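Working notes for the structure below.
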Amino acid sequence: MSNIIEIRNLVQNFKLTRGLLDEVKLKNGKFVRDKVIVKAVNDISFDIKNGTVCSLVGESGCGKSTTARTIIKLIDPKSGSITFDGKDITCFKREEMLPVRKEMQMIFQDPYASLNPRSRVVDIIAEPMLFHKIEEDRGIARERATELLQRVGIRPEQVSRYPHQFSGGQRQRIGIARALSVNPKFIIADEPVSALDVSIQAQILNLMMDLQEEFGFSYLFIAHNLSVVKHISDTVGIMYLGKIVEMGKKSDVFSNPKHPYTEALLDSIPKISGDNLDKTKPIKGEIPSPINLPSGCFFHERCPYAMPVCREEFPEKKIIDDDHFAYCHLL
Amino acid sequence: MSEQQKILEVKDLKTYFYTHKGVVKAVDSVSFDLDRGEILGIVGESGGGKSVTGFSLIRLIEEPGQVVGGEVIFKGTDLLKKPESYMTSIRGKEISMVFQDPMTSLNPVYTIGKQLEEVLILHDNLNKEQRRRKCIELLKSVGISNAESRLNNYPHQFSGGMRQRVIIAIALASNPDLIIADEPTTALDVTIQAQILKLMKQLSKETNSALILITHDLAVISELTDRVNVMYCGKIVETGYTQDIIRHPAHPYTQGLLSSIPNIDEEKKRLNTIPGIVPNMFDLPEGCKFAERCPYAQEICWKQEPEGTNRGKRHEVYCFFPLGSEDSHE
């Protein structure tokens, strides 16, 4: 099976200070220049196989959304490489990216903000087809849009309405139809169900899985809810402070977690059985700031198994089997 | 159950919102009670009326909303009949609240110490030094280290989880008999959520204060609460001991909610879903509000509102054809 996405040593960071004046600070009677940089994604590498669902999961600020936005090049990476379907797109300019965007689409978290409020729903779906010259004729594009909307559960008599006339779940269906309108090979879904009520969330998750089987594209699924991730994914990457600390097939990661952070995350989930929190001990502390990253292993301050070496050195990649790897000195 | 143990009794509570588009019956004839030291969950989807129920109990409903009927009997007194000044003396002292958003429920221009102390000034007779010691003790009890120096910090110097701890400390400051927590961990990350949930459970048991936990997350309900009310369109559709309800849901809505959550301990190819969406609150159907989404609905469900049926110890369900009974269609 070939890879649709290959990420190598991807780095992304954001400078918070603007210009020299903002950077000069008085320290111990001396002026020093001090740039404030948020290190959002720190040297990550992973592959996504064709036709599979890969999830990145982690707490807020772990860099999962930044990774997604960098892969689709809404932001240019600071270093590293992105290979999409065999092409290295790392240095592609805006014009070069246009044909790639046809193959690579995105579904956003907020179904309220990601649809143009002044556009009829049928046009929201038809527009990408016309733009990417999949259809030349607006009438035909609208027909296809209506079919596609019907496939995601929007009735034909509703298609000339505006986004505000739909509920949150329906808007997310429209967002999904828009992503599908250009027949992409790869879809990035950034927290697509976290704004929805549970009964609607289940409908959307089922729809996303049905469509994937039907059209055979691949997903990169970004989420913070581990139960949702376990339900939808083939492979799962656990992120912490801009690093993938563990990644592998979902069965391996969930039933045989190797990194203490993965273990801690699994211990923290409230479960319907009602006894997970009573049985486990929550990890202490909070996520450190991505501006001043900890030394050594980024997790050592919160890790119940931390050893002296963890403070000094970042652990090397340990392969557990085939596709399962983790970064931890214990392994 | 002796009367003394009961701390709160809500009877036939109705809170309506009179908007220019019509009347929204956000809470419609809700009745339940609560024992001392008990943790009660209120669960449902958005628009179910869970938060409005919570706010109605301490009469924090603003225009165009109005509590139009019912009784809220707290320690033997009907709060709905008391003047506003009485409510002011009770809020924050005997009944306190923890809100969802830890970023906005603290005042950004006062130190944490000042905001904690305010509750003690209003509701307790302590001198300055005693108050300071009490504040430090409170911060320690919610797991904030260096409590003494943290007193002089402002809210922006705390993280989200720490702020929620401070808010819990404020809620506990005057040893309330009842705490109402409205989605207290929804804005928090999962590892922090686990810390806060454990803390709330432990503190409620230690101080013997009753807790009403409002959330949309059934897993949180299952981890934390003793009993639960399931709400749909302003009504309680099922109530009972949490583990009874989780294991043997009797209302089709409860069953639908339970089976639409991805369960981390289970492999399922597809989730079961509840078809359709929550009905428009301006134009609620007659009869059972869940009928149009219910797989078991029959003619009577569209015409008449179901009465409560007893399904075991403190387990009531509002459905004509409850699951697991002889007439059910399971």
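Each chain in the structure tokens gets a letter, A, B, ..., in the order shown, and its residues are numbered from 1; ligands are numbered from 1 in order too.
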
Please build the interface table for segment 100-200 of chain A against segment 254-262 of chain B with a cut-off of 10 Å, listing for each qualifying residue the nearest atom pair and the distance in Å to one decimal; count only C-alpha atoms, order rows by chain and increasing number, and write it as CSV.
```
residue,atom,partner,partner_atom,distance
A:Asp197,CA,B:Leu257,CA,9.9
A:Val198,CA,B:Ile261,CA,6.4
A:Ser199,CA,B:Ser260,CA,5.7
A:Ile200,CA,B:Ser260,CA,8.6
```

For chain B, report every residue with an atom at most 8 Å from chain A (counting only C-alpha atoms), formatted as a PyMOL selection string.
chain B and resi 45-46+189-195+198+216+218-224+246+256-257+260-264+267-275+277

Take the residues that were just selected and, keeping C-alpha atoms, output them as a PDB file, in the first residue's frame.
```pdb
ATOM      1  CA  GLU B  45     -28.453  17.759  24.754  1.00  0.00           C
ATOM      2  CA  SER B  46     -28.330  21.503  24.142  1.00  0.00           C
ATOM      3  CA  ASP B 189      -8.607  19.219  28.665  1.00  0.00           C
ATOM      4  CA  VAL B 190      -9.132  15.575  29.486  1.00  0.00           C
ATOM      5  CA  THR B 191      -6.254  15.166  31.958  1.00  0.00           C
ATOM      6  CA  ILE B 192      -7.298  18.369  33.748  1.00  0.00           C
ATOM      7  CA  GLN B 193     -10.952  17.298  33.617  1.00  0.00           C
ATOM      8  CA  ALA B 194     -10.022  14.084  35.413  1.00  0.00           C
ATOM      9  CA  GLN B 195      -8.258  16.092  38.140  1.00  0.00           C
ATOM     10  CA  LYS B 198     -11.936  13.714  41.222  1.00  0.00           C
ATOM     11  CA  HIS B 216     -24.069  16.786  28.334  1.00  0.00           C
ATOM     12  CA  LEU B 218     -23.045  10.728  30.089  1.00  0.00           C
ATOM     13  CA  ALA B 219     -19.619   9.311  30.869  1.00  0.00           C
ATOM     14  CA  VAL B 220     -18.979  12.155  33.325  1.00  0.00           C
ATOM     15  CA  ILE B 221     -22.410  11.489  34.835  1.00  0.00           C
ATOM     16  CA  SER B 222     -21.582   7.826  35.219  1.00  0.00           C
ATOM     17  CA  GLU B 223     -18.229   8.536  36.874  1.00  0.00           C
ATOM     18  CA  LEU B 224     -19.489  11.092  39.347  1.00  0.00           C
ATOM     19  CA  ILE B 246     -26.862   3.391  32.535  1.00  0.00           C
ATOM     20  CA  GLY B 256     -30.493   6.515  22.187  1.00  0.00           C
ATOM     21  CA  LEU B 257     -28.064   8.819  23.999  1.00  0.00           C
ATOM     22  CA  SER B 260     -24.755   7.081  20.228  1.00  0.00           C
ATOM     23  CA  ILE B 261     -21.620   7.695  22.307  1.00  0.00           C
ATOM     24  CA  PRO B 262     -18.530   5.940  21.023  1.00  0.00           C
ATOM     25  CA  ASN B 263     -17.514   3.644  23.872  1.00  0.00           C
ATOM     26  CA  ILE B 264     -13.777   3.294  24.264  1.00  0.00           C
ATOM     27  CA  GLU B 267     -15.568  -2.133  19.008  1.00  0.00           C
ATOM     28  CA  LYS B 268     -18.487  -1.112  16.868  1.00  0.00           C
ATOM     29  CA  LYS B 269     -18.567  -0.683  13.148  1.00  0.00           C
ATOM     30  CA  ARG B 270     -21.148   2.083  13.221  1.00  0.00           C
ATOM     31  CA  LEU B 271     -22.743   4.015  16.047  1.00  0.00           C
ATOM     32  CA  ASN B 272     -26.454   3.774  16.665  1.00  0.00           C
ATOM     33  CA  THR B 273     -28.035   7.134  16.116  1.00  0.00           C
ATOM     34  CA  ILE B 274     -31.157   8.966  17.140  1.00  0.00           C
ATOM     35  CA  PRO B 275     -32.721  10.051  13.854  1.00  0.00           C
ATOM     36  CA  ILE B 277     -32.864  16.670  15.511  1.00  0.00           C
TER      37      ILE B 277
END
```

I'd like to know which of B:Thr53, B:Glu118, B:Val237, B:Gly37 is closest to Met200 of chain B, using only C-alpha atoms.
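Among the listed residues, B:Gly37 lies closest to Met200 of chain B.
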
Neighbour list for segment 311-313 of chain B as number ranges by chain, cut-off 9 Å, only C-alpha atoms, skip fewer than 5 positions in-chain
B: 240-241, 250

Return as number ranges by chain the full set of residues in segment 40-245 of chain A whose backbone-based DSSP assignment is helix (DSSP H, G or I).
A: 64-71, 94-103, 121-131, 138-151, 156-158, 163-165, 168-180, 198-215, 226-232

So that I can see what lies close to Cys288 of chain B, please list as a PyMOL selection string the residues with an atom at most 12 Å from it, counting only C-alpha atoms and leaving out residues fewer than 6 positions away in the same chain.
chain B and resi 232-237+251-253+279+294+296-308+318-321
